[in-house]
$ cat coords.txt   # compact mmCIF, C-alpha atoms
# COMPACT_ATOMS: atom_id res chain seq x y z
CA MET Y 1 -14.54 41.34 8.54
CA ARG Y 2 -15.78 40.67 12.01
CA ARG Y 3 -13.97 42.39 14.89
CA LEU Y 4 -12.89 40.54 18.01
CA SER Y 5 -14.49 41.47 21.26
CA ARG Y 6 -12.31 42.46 24.18
CA ARG Y 7 -12.82 39.07 25.85
CA GLN Y 8 -11.89 37.27 22.67
CA ARG Y 9 -8.72 39.31 22.27
CA ILE Y 10 -7.70 38.57 25.86
CA ALA Y 11 -8.54 34.88 25.42
CA ALA Y 12 -6.47 34.74 22.23
CA LEU Y 13 -3.49 36.39 23.96
CA VAL Y 14 -3.72 34.12 27.00
CA LEU Y 15 -4.00 30.98 24.88
CA THR Y 16 -1.07 32.10 22.74
CA ALA Y 17 0.96 32.52 25.90
CA VAL Y 18 -0.14 29.10 27.13
CA ALA Y 19 0.83 27.53 23.78
CA ALA Y 20 4.22 29.26 23.98
CA CYS Y 21 4.67 27.84 27.48
CA PHE Y 22 3.86 24.35 26.23
CA LEU Y 23 6.31 24.79 23.38
CA THR Y 24 9.05 26.00 25.70
CA LEU Y 25 8.41 23.22 28.20
CA ASP Y 26 8.53 20.56 25.48
CA LEU Y 27 11.57 22.02 23.73
CA VAL Y 28 13.64 22.68 26.83
CA GLY Y 29 12.82 19.77 29.11
CA SER Y 30 10.85 16.58 29.23
CA GLY Y 31 8.10 17.79 31.54
CA LEU Y 32 5.34 16.86 29.09
CA GLN Y 33 6.58 13.36 28.28
CA SER Y 34 4.00 11.61 30.47
CA ALA Y 35 1.21 13.75 28.95
CA HIS Y 36 2.49 12.88 25.46
CA SER Y 37 2.61 9.15 26.17
CA GLY Y 38 -0.82 9.18 27.85
CA VAL Y 39 -2.57 10.91 24.95
CA ARG Y 40 -0.66 8.82 22.41
CA GLY Y 41 -1.79 5.66 24.17
CA VAL Y 42 -5.45 6.69 24.15
CA LEU Y 43 -5.40 7.91 20.55
CA GLY Y 44 -3.31 4.92 19.45
CA SER Y 45 -5.85 2.39 20.71
CA LEU Y 46 -8.61 4.47 19.14
CA TYR Y 47 -6.76 4.47 15.79
CA ARG Y 48 -6.12 0.72 15.93
CA GLY Y 49 -9.75 -0.04 16.70
CA THR Y 50 -10.97 2.17 13.88
CA ASP Y 51 -8.40 0.89 11.42
CA SER Y 52 -9.70 -2.65 11.79
CA VAL Y 53 -13.04 -1.32 10.48
CA LEU Y 54 -11.89 1.30 7.96
CA GLY Y 55 -8.68 -0.47 6.89
CA PRO Y 56 -10.22 -2.61 4.12
CA ALA Y 57 -12.01 0.42 2.62
CA ARG Y 58 -8.78 2.43 2.75
CA ARG Y 59 -6.77 -0.33 1.12
CA PHE Y 60 -9.41 -0.61 -1.61
CA LEU Y 61 -9.24 3.14 -2.26
CA GLN Y 62 -5.43 3.06 -2.21
CA GLY Y 63 -5.47 0.31 -4.82
CA ILE Y 64 -7.66 2.20 -7.32
CA PRO Y 65 -4.93 4.49 -8.76
CA ARG Y 66 -2.62 1.52 -9.19
CA ALA Y 67 -5.26 -0.74 -10.76
CA GLY Y 68 -4.12 0.06 -14.32
CA SER Y 69 -0.43 -0.31 -13.61
CA ASP Y 70 -1.09 -3.50 -11.62
CA GLU Y 71 -2.87 -4.93 -14.65
CA SER Y 72 -0.04 -4.05 -17.02
CA ARG Y 73 2.46 -5.38 -14.47
CA LEU Y 74 0.45 -8.59 -14.28
CA HIS Y 75 0.58 -8.80 -18.08
CA VAL Y 76 4.37 -8.30 -18.05
CA LEU Y 77 4.77 -10.94 -15.33
CA GLU Y 78 2.61 -13.39 -17.31
CA GLN Y 79 4.82 -12.82 -20.36
CA GLN Y 80 7.95 -13.33 -18.26
CA ASN Y 81 6.43 -16.47 -16.81
CA THR Y 82 5.69 -17.83 -20.28
CA ALA Y 83 9.23 -16.98 -21.43
CA LEU Y 84 10.71 -18.70 -18.37
CA ARG Y 85 8.56 -21.78 -18.93
CA LYS Y 86 9.74 -21.89 -22.54
CA GLN Y 87 13.36 -21.54 -21.40
CA LEU Y 88 12.82 -24.39 -18.94
CA ALA Y 89 11.28 -26.59 -21.64
CA ASP Y 90 14.10 -25.66 -24.03
CA ALA Y 91 16.65 -26.50 -21.36
CA ARG Y 92 15.02 -29.92 -20.90
CA VAL Y 93 15.08 -30.49 -24.67
CA ASP Y 94 18.68 -29.28 -24.80
CA ARG Y 95 19.67 -31.68 -22.01
CA HIS Y 96 17.95 -34.53 -23.86
CA THR Y 97 19.64 -33.54 -27.11
CA ALA Y 98 23.01 -33.25 -25.40
CA ALA Y 99 22.56 -36.73 -23.92
CA GLU Y 100 21.68 -38.15 -27.34
CA LEU Y 101 24.59 -36.41 -28.99
CA ALA Y 102 26.93 -37.68 -26.28
CA ARG Y 103 25.62 -41.19 -26.83
CA LEU Y 104 26.07 -40.81 -30.57
CA HIS Y 105 29.59 -39.51 -30.14
CA LEU Y 106 30.47 -42.38 -27.82
CA ALA Y 107 29.00 -44.92 -30.21
CA ALA Y 108 30.88 -43.40 -33.15
CA ARG Y 109 34.14 -43.41 -31.24
CA SER Y 110 33.77 -46.98 -30.00
CA GLY Y 111 32.46 -48.21 -33.38
CA GLY Y 112 35.25 -46.50 -35.28
CA PHE Y 113 32.90 -44.58 -37.56
CA ARG Y 114 32.16 -40.93 -38.12
CA ALA Y 115 28.59 -39.77 -37.77
CA VAL Y 116 26.98 -36.51 -38.79
CA PRO Y 117 24.45 -35.52 -36.14
CA ALA Y 118 21.03 -34.46 -37.38
CA ARG Y 119 17.62 -33.75 -35.95
CA VAL Y 120 14.40 -35.27 -37.23
CA ILE Y 121 12.35 -32.36 -38.55
CA ALA Y 122 9.44 -34.14 -40.20
CA THR Y 123 7.77 -37.51 -40.28
CA THR Y 124 6.17 -38.09 -43.68
CA ALA Y 125 5.59 -40.83 -46.18
CA ALA Y 126 7.87 -40.28 -49.17
CA GLY Y 127 9.16 -42.06 -52.23
CA GLY Y 128 6.45 -44.68 -52.11
CA PHE Y 129 7.42 -45.79 -48.59
CA ASP Y 130 5.23 -45.60 -45.50
CA TYR Y 131 7.88 -45.00 -42.87
CA THR Y 132 10.27 -42.18 -43.68
CA VAL Y 133 11.53 -39.17 -41.78
CA THR Y 134 13.24 -35.97 -42.90
CA ILE Y 135 16.41 -34.87 -41.13
CA ASP Y 136 18.11 -31.47 -41.13
CA ALA Y 137 21.40 -32.59 -42.67
CA GLY Y 138 22.11 -32.89 -46.38
CA THR Y 139 24.85 -33.09 -48.95
CA ALA Y 140 26.41 -29.92 -47.56
CA ASP Y 141 27.08 -31.88 -44.37
CA GLY Y 142 28.46 -34.90 -46.18
CA VAL Y 143 25.25 -36.91 -46.19
CA HIS Y 144 24.62 -39.05 -49.27
CA THR Y 145 22.08 -41.56 -50.46
CA GLY Y 146 22.42 -45.04 -48.97
CA GLN Y 147 24.26 -44.07 -45.80
CA THR Y 148 23.23 -45.78 -42.59
CA VAL Y 149 21.38 -43.82 -39.93
CA THR Y 150 21.66 -44.68 -36.24
CA ASP Y 151 20.50 -43.23 -32.94
CA GLY Y 152 23.82 -44.11 -31.33
CA ILE Y 153 22.72 -47.57 -30.21
CA GLY Y 154 20.63 -49.17 -32.85
CA LEU Y 155 19.70 -49.09 -36.49
CA VAL Y 156 17.29 -46.39 -37.61
CA GLY Y 157 17.38 -46.75 -41.38
CA ARG Y 158 19.21 -45.50 -44.43
CA VAL Y 159 19.26 -42.29 -46.42
CA LEU Y 160 16.80 -42.49 -49.27
CA HIS Y 161 17.60 -39.24 -51.03
CA THR Y 162 19.19 -35.92 -50.17
CA ASP Y 163 19.34 -32.28 -51.05
CA SER Y 164 21.81 -29.68 -49.86
CA SER Y 165 20.40 -29.22 -46.38
CA THR Y 166 17.96 -32.07 -45.72
CA ALA Y 167 17.70 -35.77 -46.30
CA VAL Y 168 14.90 -38.30 -46.31
CA VAL Y 169 15.59 -41.43 -44.29
CA LEU Y 170 13.82 -44.70 -44.95
CA LEU Y 171 13.19 -46.31 -41.57
CA ALA Y 172 14.22 -49.93 -41.22
CA ILE Y 173 10.75 -50.85 -39.97
CA ASP Y 174 9.22 -49.94 -43.34
CA PRO Y 175 7.85 -53.11 -45.01
CA GLY Y 176 9.86 -52.17 -48.08
CA ALA Y 177 13.19 -52.07 -46.22
CA GLY Y 178 15.57 -55.01 -45.88
CA VAL Y 179 18.73 -55.37 -43.82
CA GLY Y 180 21.43 -58.01 -43.79
CA ALA Y 181 21.55 -59.25 -40.18
CA ARG Y 182 23.39 -61.61 -37.89
CA ASP Y 183 22.12 -63.50 -34.87
CA LEU Y 184 24.64 -62.57 -32.21
CA ARG Y 185 24.07 -65.82 -30.27
CA THR Y 186 24.54 -68.27 -33.14
CA GLY Y 187 26.30 -66.13 -35.72
CA GLN Y 188 23.69 -67.16 -38.28
CA LEU Y 189 23.11 -64.70 -41.09
CA GLY Y 190 19.74 -63.73 -42.39
CA VAL Y 191 17.56 -60.91 -43.68
CA VAL Y 192 15.57 -58.58 -41.52
CA THR Y 193 12.59 -56.95 -43.22
CA GLY Y 194 10.42 -54.18 -41.85
CA ASP Y 195 7.03 -55.08 -40.46
CA GLY Y 196 5.66 -51.61 -39.82
CA ARG Y 197 4.52 -50.94 -36.28
CA ASP Y 198 5.17 -54.58 -35.33
CA GLY Y 199 8.92 -54.12 -35.81
CA TYR Y 200 10.85 -56.59 -37.98
CA LYS Y 201 10.74 -60.07 -39.33
CA PHE Y 202 13.95 -62.09 -39.42
CA ARG Y 203 14.47 -64.93 -41.89
CA PRO Y 204 17.72 -66.85 -41.48
CA LEU Y 205 19.52 -67.82 -44.68
CA ASP Y 206 19.91 -71.33 -43.37
CA PRO Y 207 16.41 -72.81 -42.98
CA THR Y 208 17.66 -75.18 -40.29
CA ALA Y 209 19.21 -72.43 -38.18
CA LYS Y 210 18.08 -72.42 -34.56
CA VAL Y 211 16.60 -69.06 -33.72
CA GLN Y 212 15.03 -68.59 -30.33
CA GLY Y 213 13.33 -65.87 -28.35
CA GLY Y 214 15.70 -63.40 -26.73
CA ASP Y 215 18.32 -63.61 -29.49
CA ARG Y 216 19.80 -60.25 -30.38
CA LEU Y 217 20.29 -59.24 -33.98
CA ALA Y 218 22.84 -56.80 -35.38
CA THR Y 219 23.63 -55.49 -38.84
CA GLY Y 220 26.40 -57.08 -40.73
CA PRO Y 221 28.74 -58.53 -41.26
CA ALA Y 222 30.90 -55.91 -42.98
CA ARG Y 223 30.88 -55.97 -46.77
CA ALA Y 224 28.01 -58.52 -46.65
CA SER Y 225 25.40 -55.88 -45.86
CA SER Y 226 24.44 -52.61 -47.37
CA PHE Y 227 24.39 -51.10 -43.86
CA ALA Y 228 27.17 -50.21 -41.48
CA PRO Y 229 27.93 -53.38 -39.47
CA ASP Y 230 27.36 -54.20 -35.78
CA LEU Y 231 24.43 -51.88 -35.16
CA ASP Y 232 21.82 -53.29 -32.86
CA ILE Y 233 18.61 -54.14 -34.71
CA GLY Y 234 16.48 -55.62 -31.98
CA ARG Y 235 15.56 -58.71 -29.99
CA VAL Y 236 13.72 -61.83 -31.15
CA THR Y 237 10.40 -62.14 -29.36
CA ALA Y 238 8.73 -65.03 -31.20
CA VAL Y 239 9.79 -67.75 -33.67
CA ARG Y 240 7.49 -69.47 -36.12
CA THR Y 241 8.41 -72.32 -38.43
CA SER Y 242 6.05 -72.88 -41.35
CA ALA Y 243 5.11 -76.23 -42.92
CA ASP Y 244 7.77 -75.89 -45.62
CA GLY Y 245 10.39 -75.56 -42.89
CA THR Y 246 10.98 -71.84 -43.28
CA THR Y 247 11.73 -70.08 -39.98
CA VAL Y 248 10.43 -66.55 -39.44
CA ALA Y 249 11.15 -64.67 -36.21
CA ALA Y 250 9.38 -61.56 -34.93
CA VAL Y 251 11.84 -58.93 -33.77
CA THR Y 252 11.23 -55.95 -31.48
CA PRO Y 253 13.32 -52.97 -32.65
CA SER Y 254 15.91 -51.50 -30.34
CA VAL Y 255 14.99 -48.03 -31.64
CA SER Y 256 11.52 -46.60 -31.23
CA ALA Y 257 10.60 -45.07 -34.57
CA SER Y 258 8.02 -42.84 -32.95
CA ALA Y 259 10.50 -41.30 -30.51
CA LEU Y 260 13.26 -40.31 -32.88
CA ASP Y 261 14.87 -36.92 -32.27
CA VAL Y 262 18.62 -36.72 -32.73
CA VAL Y 263 20.16 -39.26 -35.08
CA GLY Y 264 23.55 -39.74 -36.67
CA VAL Y 265 24.27 -40.45 -40.31
CA ILE Y 266 27.31 -42.69 -40.58
CA VAL Y 267 29.37 -41.01 -43.25
CA SER Y 268 32.53 -43.11 -42.99
CA LYS Y 269 33.83 -46.21 -41.31
CA ASN Y 270 37.53 -46.16 -40.41
CA GLY Y 271 38.13 -43.38 -42.90
CA SER Y 272 36.35 -45.10 -45.79
CA PRO Y 273 33.04 -43.84 -47.09
CA SER Y 274 30.07 -45.72 -45.77
CA VAL Y 275 27.91 -45.64 -48.80
CA ALA Y 276 25.82 -48.65 -49.46
CA ALA Y 277 24.54 -49.09 -52.90
CA GLY Y 278 21.52 -51.16 -53.56
CA GLY Y 279 19.35 -52.69 -50.94
CA ARG Y 280 15.91 -51.42 -50.83
CA MET S 1 -21.30 26.99 26.33
CA THR S 2 -23.83 24.22 26.78
CA ARG S 3 -23.04 20.61 27.67
CA ALA S 4 -24.40 19.48 24.33
CA ARG S 5 -21.96 21.72 22.47
CA VAL S 6 -19.02 20.47 24.56
CA ALA S 7 -20.00 16.84 23.97
CA ALA S 8 -20.51 17.49 20.27
CA ALA S 9 -17.12 19.24 20.05
CA ILE S 10 -15.32 16.31 21.74
CA ALA S 11 -17.13 13.76 19.56
CA ALA S 12 -16.41 15.74 16.41
CA LEU S 13 -12.73 16.16 17.32
CA LEU S 14 -12.23 12.47 18.07
CA THR S 15 -14.02 11.51 14.86
CA VAL S 16 -11.90 13.74 12.64
CA LEU S 17 -8.68 12.69 14.42
CA VAL S 18 -9.51 9.05 13.79
CA LEU S 19 -10.52 9.71 10.17
CA GLN S 20 -7.36 11.76 9.65
CA ALA S 21 -5.13 8.99 10.96
CA THR S 22 -6.86 6.05 9.30
CA LEU S 23 -8.14 7.47 6.01
CA VAL S 24 -7.05 10.99 5.05
CA SER S 25 -3.32 10.79 5.82
CA PRO S 26 -2.75 7.37 4.18
CA LEU S 27 -4.83 8.30 1.12
CA ALA S 28 -3.39 11.80 0.71
CA ASP S 29 0.10 10.26 0.86
CA ALA S 30 2.66 13.08 1.10
CA VAL S 31 0.14 15.92 0.74
CA PRO S 32 -0.45 17.36 4.23
CA ALA S 33 -4.25 17.73 4.06
CA SER S 34 -5.77 18.16 7.53
CA LEU S 35 -9.32 17.25 8.46
CA PRO S 36 -9.06 18.56 12.08
CA ALA S 37 -7.82 21.92 10.80
CA LEU S 38 -10.79 22.03 8.42
CA LEU S 39 -13.14 21.27 11.30
CA VAL S 40 -11.70 24.21 13.25
CA ALA S 41 -12.18 26.45 10.20
CA ALA S 42 -15.73 25.21 9.64
CA ILE S 43 -16.71 25.77 13.28
CA ALA S 44 -15.18 29.25 13.30
CA LEU S 45 -16.92 30.14 10.04
CA ALA S 46 -20.25 28.94 11.44
CA ASP S 47 -19.97 30.21 15.00
CA GLY S 48 -17.50 33.08 15.01
CA PRO S 49 -14.02 33.72 16.44
CA GLY S 50 -14.81 32.79 20.07
CA ALA S 51 -15.74 29.22 19.25
CA GLY S 52 -12.96 29.08 16.64
CA ILE S 53 -10.23 30.17 19.06
CA ALA S 54 -11.38 27.84 21.86
CA PHE S 55 -11.90 24.81 19.65
CA GLY S 56 -8.75 25.45 17.62
CA PHE S 57 -6.56 25.67 20.70
CA SER S 58 -8.09 22.57 22.37
CA ALA S 59 -7.99 20.43 19.24
CA GLY S 60 -4.45 21.56 18.45
CA LEU S 61 -3.19 20.82 21.95
CA ILE S 62 -4.71 17.32 22.01
CA THR S 63 -3.23 16.58 18.58
CA ASP S 64 0.12 17.99 19.72
CA LEU S 65 0.18 15.74 22.76
CA GLY S 66 -0.62 12.74 20.58
CA SER S 67 2.23 13.56 18.17
CA GLU S 68 6.03 13.48 18.22
CA HIS S 69 6.56 17.21 17.77
CA PRO S 70 6.59 19.70 20.66
CA ALA S 71 3.18 20.47 22.20
CA GLY S 72 1.70 23.92 21.58
CA LEU S 73 2.64 24.15 17.92
CA LEU S 74 -0.61 22.96 16.39
CA ALA S 75 -2.51 24.61 19.24
CA LEU S 76 -1.05 27.92 18.11
CA CYS S 77 -1.64 27.30 14.40
CA TRP S 78 -5.15 25.97 14.70
CA MET S 79 -6.05 28.75 17.09
CA GLY S 80 -4.87 31.06 14.32
CA ILE S 81 -7.22 29.26 11.90
CA GLY S 82 -10.08 29.71 14.35
CA LEU S 83 -9.25 33.36 14.79
CA LEU S 84 -8.92 34.13 11.10
CA CYS S 85 -11.95 32.12 9.98
CA GLY S 86 -13.97 33.54 12.88
CA ARG S 87 -13.16 37.04 11.73
CA LEU S 88 -14.14 36.08 8.17
CA ASN S 89 -17.45 34.70 9.48
CA ALA S 90 -20.29 36.52 7.77
CA PRO S 91 -23.89 36.16 8.90
CA ASN S 92 -26.00 34.40 6.27
CA ALA S 93 -22.90 33.53 4.22
CA ARG S 94 -23.44 30.78 1.66
CA ALA S 95 -21.81 27.38 2.17
CA ARG S 96 -19.78 27.88 -1.02
CA HIS S 97 -18.15 30.97 0.48
CA ASP S 98 -17.26 29.06 3.65
CA ILE S 99 -15.85 26.12 1.70
CA VAL S 100 -13.46 28.33 -0.29
CA ILE S 101 -12.37 30.27 2.83
CA ALA S 102 -11.82 27.07 4.83
CA ALA S 103 -9.73 25.44 2.08
CA LEU S 104 -7.56 28.55 1.55
CA VAL S 105 -6.97 29.20 5.25
CA CYS S 106 -6.16 25.54 5.91
CA GLY S 107 -3.76 25.49 2.97
CA LEU S 108 -2.03 28.57 4.33
CA SER S 109 -1.97 27.02 7.78
CA THR S 110 -0.29 23.91 6.38
CA VAL S 111 2.60 26.00 5.05
CA VAL S 112 2.91 27.95 8.32
CA THR S 113 2.76 24.76 10.41
CA THR S 114 5.45 23.09 8.30
CA VAL S 115 7.72 26.13 8.59
CA LEU S 116 7.24 26.12 12.38
CA LEU S 117 7.98 22.38 12.48
CA VAL S 118 11.20 23.03 10.56
CA LEU S 119 12.08 25.78 13.04
CA VAL S 120 11.63 23.49 16.05
CA GLY S 121 13.63 20.78 14.29
CA ALA S 122 10.83 18.23 13.83
CA ASP S 123 11.79 15.10 11.87
CA GLY S 124 10.69 14.88 8.23
CA ALA S 125 9.53 18.50 7.84
CA SER S 126 10.99 20.65 5.08
CA VAL S 127 10.12 24.08 3.70
CA THR S 128 10.50 22.77 0.16
CA ASP S 129 7.79 20.19 0.79
CA ALA S 130 5.60 22.83 2.40
CA VAL S 131 5.77 24.99 -0.71
CA ARG S 132 5.56 22.07 -3.14
CA TYR S 133 2.45 20.60 -1.51
CA ALA S 134 0.66 23.89 -0.72
CA ILE S 135 -1.60 23.85 -3.79
CA PRO S 136 -2.37 20.10 -3.64
CA ALA S 137 -3.17 20.56 0.06
CA VAL S 138 -5.59 23.39 -0.74
CA LEU S 139 -7.27 21.23 -3.39
CA ILE S 140 -7.67 18.23 -1.09
CA ASP S 141 -8.80 20.48 1.75
CA GLY S 142 -11.35 21.95 -0.66
CA LEU S 143 -12.68 18.49 -1.49
CA LEU S 144 -12.93 17.57 2.17
CA ALA S 145 -14.55 20.93 2.94
CA LEU S 146 -17.28 20.17 0.40
CA VAL S 147 -18.55 17.54 2.85
CA LEU S 148 -17.40 18.89 6.19
CA VAL S 149 -18.46 22.54 6.02
CA PRO S 150 -22.14 21.91 5.15
CA LEU S 151 -22.25 19.20 7.81
CA VAL S 152 -20.85 21.51 10.51
CA ARG S 153 -23.19 24.31 9.45
CA LEU S 154 -26.12 21.89 9.66
CA PHE S 155 -25.19 20.75 13.17
CA LEU S 156 -24.30 24.16 14.56
CA HIS S 157 -27.51 25.70 13.22
CA SER S 158 -29.64 23.01 14.84
CA ASP S 159 -31.65 23.93 17.93
CA ARG S 160 -29.61 21.72 20.28
CA LEU S 161 -26.20 23.00 19.22
CA ARG S 162 -26.94 26.62 18.27
CA ALA S 163 -24.64 29.12 20.04
CA PRO S 164 -26.41 30.93 22.90
CA ARG S 165 -27.10 34.54 21.92
CA PRO S 166 -27.39 37.45 24.40
CA VAL S 167 -31.02 38.07 25.24
CA LEU S 168 -32.18 41.65 25.08
CA VAL S 169 -34.38 42.37 28.08
CA LEU S 170 -36.65 45.26 27.36
CA GLY S 171 -36.70 46.49 30.94
CA GLU S 172 -32.95 46.69 31.13
CA ALA S 173 -32.73 48.43 27.78
CA LEU S 174 -35.07 51.12 28.91

$ encode --input "coords.txt" --output "structure tokens"
Amino acid sequence: MRRLSRRQRIAALVLTAVAACFLTLDLVGSGLQSAHSGVRGVLGSLYRGTDSVLGPARRFLQGIPRAGSDESRLHVLEQQNTALRKQLADARVDRHTAAELARLHLAARSGGFRAVPARVIATTAAGGFDYTVTIDAGTADGVHTGQTVTDGIGLVGRVLHTDSSTAVVLLAIDPGAGVGARDLRTGQLGVVTGDGRDGYKFRPLDPTAKVQGGDRLATGPARASSFAPDLDIGRVTAVRTSADGTTVAAVTPSVSASALDVVGVIVSKNGSPSVAAGGR
Amino acid sequence: MTRARVAAAIAALLTVLVLQATLVSPLADAVPASLPALLVAAIALADGPGAGIAFGFSAGLITDLGSEHPAGLLALCWMGIGLLCGRLNAPNARARHDIVIAALVCGLSTVVTTVLLVLVGADGASVTDAVRYAIPAVLIDGLLALVLVPLVRLFLHSDRLRAPRPVLVLGEAL
């Protein structure tokens, strides 16, 4: 170990004494405040100037240890974002469903019938028909074959067959479906048959009946139709009279078959079962 | 002391102060690694206790005046580093030897400085932290010394910055 020379020892002692003086001065009074602020100002501007150059490199280096955790955090946030989007979409669907159910409830109350709400869970061709849907209500819910299905406003179709928890509904627009109908303007009775995507065709029972565009058709009347009465079927858009005098009207459905979601199966009308036998 | 050495000392001090404030302190987080203290140690190990004491005191005092704590504290501690490392200066010592000494002395100095800061009531200083971060500080100081010590040795052994040695005049000796 190297020994200190005499000069170095004296210098060390003097500088220690000077440092002690500085310490005492700074601890006891505020004699060095101006020196402090002056040096801080100079060094501060030096630091700021340098930081503008070295700052990006420092921030890059500071980010390296957190890169892994940032990635996993990003993954968690993405998952949360997806979950929140799903919740939002579900909430929209729920609001739509609630509105449809409310409409169904209102229609049931005003029409004096009881409807079992159900959701369309599949759209398939079944039982030899082209236009059928499957709903998530069955015999366990009181749904039986032949019952009328509505969306709360208009006619959807009738129950074709059931099991305990689901039922197949034949849509009224199926070419094989027929509904007893009444022209609300004239009171003329007739038969509405499905016409697939084009809607319905209405043939009045009286060949001389005056049917015109804009006429509204409804199911019924009671006991004359296999369907629950007074459900809106649609609106006449065109009338054609053939050479033999038969009148056929094209009808636009009041229910869009492609937008079915929540429907109601009318299980009773004024306390009596609404089961319609027959009628294809 | 030549003008070139004074200029080099000022430039080196300002450089390490700036690097300490903008890179080392933010990156080392709570670990009190000190680049200026390492510079003092490196100079003392390369040039002996005289240079170490003078540079340690000056650098410490300037840093003190630029800080919140009372002036004289770092001047005292860094002068101690210069003194100790200067005494441990061995002619023809390998850089590896100097790196280890510099890191250990600076680590020790960190603990002593923190204890002194606690004694003078400086904000944010605690003995627990000083003890807890002593080993991490030595490790970081060691990493910094890997670069700094060889660099200082290179500069101080150059012709322009070499310490003036006493010249033996044959006539006087006789």

$ residues_around --input "coords.txt" --residues "region 154-168 of chain Y" --least-positions-apart "2" --cutoff "8 Å" --atoms "all atoms listed in the file" --output "PyMOL selection string"
chain Y and resi 126+132-141+143-152+170-173+219+227+231-234+254-255+257

$ write_last_selection --input "coords.txt" --atoms "C-alpha atoms" --output "PDB file, keeping the file's coordinate frame"
ATOM      1  CA  ALA Y 126       7.870 -40.280 -49.170  1.00  0.00           C
ATOM      2  CA  THR Y 132      10.270 -42.180 -43.680  1.00  0.00           C
ATOM      3  CA  VAL Y 133      11.530 -39.170 -41.780  1.00  0.00           C
ATOM      4  CA  THR Y 134      13.240 -35.970 -42.900  1.00  0.00           C
ATOM      5  CA  ILE Y 135      16.410 -34.870 -41.130  1.00  0.00           C
ATOM      6  CA  ASP Y 136      18.110 -31.470 -41.130  1.00  0.00           C
ATOM      7  CA  ALA Y 137      21.400 -32.590 -42.670  1.00  0.00           C
ATOM      8  CA  GLY Y 138      22.110 -32.890 -46.380  1.00  0.00           C
ATOM      9  CA  THR Y 139      24.850 -33.090 -48.950  1.00  0.00           C
ATOM     10  CA  ALA Y 140      26.410 -29.920 -47.560  1.00  0.00           C
ATOM     11  CA  ASP Y 141      27.080 -31.880 -44.370  1.00  0.00           C
ATOM     12  CA  VAL Y 143      25.250 -36.910 -46.190  1.00  0.00           C
ATOM     13  CA  HIS Y 144      24.620 -39.050 -49.270  1.00  0.00           C
ATOM     14  CA  THR Y 145      22.080 -41.560 -50.460  1.00  0.00           C
ATOM     15  CA  GLY Y 146      22.420 -45.040 -48.970  1.00  0.00           C
ATOM     16  CA  GLN Y 147      24.260 -44.070 -45.800  1.00  0.00           C
ATOM     17  CA  THR Y 148      23.230 -45.780 -42.590  1.00  0.00           C
ATOM     18  CA  VAL Y 149      21.380 -43.820 -39.930  1.00  0.00           C
ATOM     19  CA  THR Y 150      21.660 -44.680 -36.240  1.00  0.00           C
ATOM     20  CA  ASP Y 151      20.500 -43.230 -32.940  1.00  0.00           C
ATOM     21  CA  GLY Y 152      23.820 -44.110 -31.330  1.00  0.00           C
ATOM     22  CA  LEU Y 170      13.820 -44.700 -44.950  1.00  0.00           C
ATOM     23  CA  LEU Y 171      13.190 -46.310 -41.570  1.00  0.00           C
ATOM     24  CA  ALA Y 172      14.220 -49.930 -41.220  1.00  0.00           C
ATOM     25  CA  ILE Y 173      10.750 -50.850 -39.970  1.00  0.00           C
ATOM     26  CA  THR Y 219      23.630 -55.490 -38.840  1.00  0.00           C
ATOM     27  CA  PHE Y 227      24.390 -51.100 -43.860  1.00  0.00           C
ATOM     28  CA  LEU Y 231      24.430 -51.880 -35.160  1.00  0.00           C
ATOM     29  CA  ASP Y 232      21.820 -53.290 -32.860  1.00  0.00           C
ATOM     30  CA  ILE Y 233      18.610 -54.140 -34.710  1.00  0.00           C
ATOM     31  CA  GLY Y 234      16.480 -55.620 -31.980  1.00  0.00           C
ATOM     32  CA  SER Y 254      15.910 -51.500 -30.340  1.00  0.00           C
ATOM     33  CA  VAL Y 255      14.990 -48.030 -31.640  1.00  0.00           C
ATOM     34  CA  ALA Y 257      10.600 -45.070 -34.570  1.00  0.00           C
TER      35      ALA Y 257
END

$ residues_near_point --input "coords.txt" --point "(-14.7, 32.1, 4.1)" --cutoff "10 Å" --atoms "only C-alpha atoms" --output "compact mmCIF listing (two decimals) with C-alpha atoms, in the frame of the given file"
# COMPACT_ATOMS: atom_id res chain seq x y z
CA ALA S 41 -12.18 26.45 10.20
CA ALA S 42 -15.73 25.21 9.64
CA ALA S 44 -15.18 29.25 13.30
CA LEU S 45 -16.92 30.14 10.04
CA ALA S 46 -20.25 28.94 11.44
CA LEU S 84 -8.92 34.13 11.10
CA CYS S 85 -11.95 32.12 9.98
CA GLY S 86 -13.97 33.54 12.88
CA ARG S 87 -13.16 37.04 11.73
CA LEU S 88 -14.14 36.08 8.17
CA ASN S 89 -17.45 34.70 9.48
CA ALA S 90 -20.29 36.52 7.77
CA ALA S 93 -22.90 33.53 4.22
CA ARG S 94 -23.44 30.78 1.66
CA ALA S 95 -21.81 27.38 2.17
CA ARG S 96 -19.78 27.88 -1.02
CA HIS S 97 -18.15 30.97 0.48
CA ASP S 98 -17.26 29.06 3.65
CA ILE S 99 -15.85 26.12 1.70
CA VAL S 100 -13.46 28.33 -0.29
CA ILE S 101 -12.37 30.27 2.83
CA ALA S 102 -11.82 27.07 4.83
CA ALA S 103 -9.73 25.44 2.08
CA LEU S 104 -7.56 28.55 1.55
CA VAL S 105 -6.97 29.20 5.25

$ interface_residues --input "coords.txt" --of "chain S" --to "chain Y" --cutoff "10 Å" --atoms "all atoms listed in the file" --output "VMD selection string"
chain S and resid 14 to 15 17 to 24 26 to 29 48 to 51 53 to 54 57 to 58 60 to 77 79 to 80 83 to 91 120 to 121
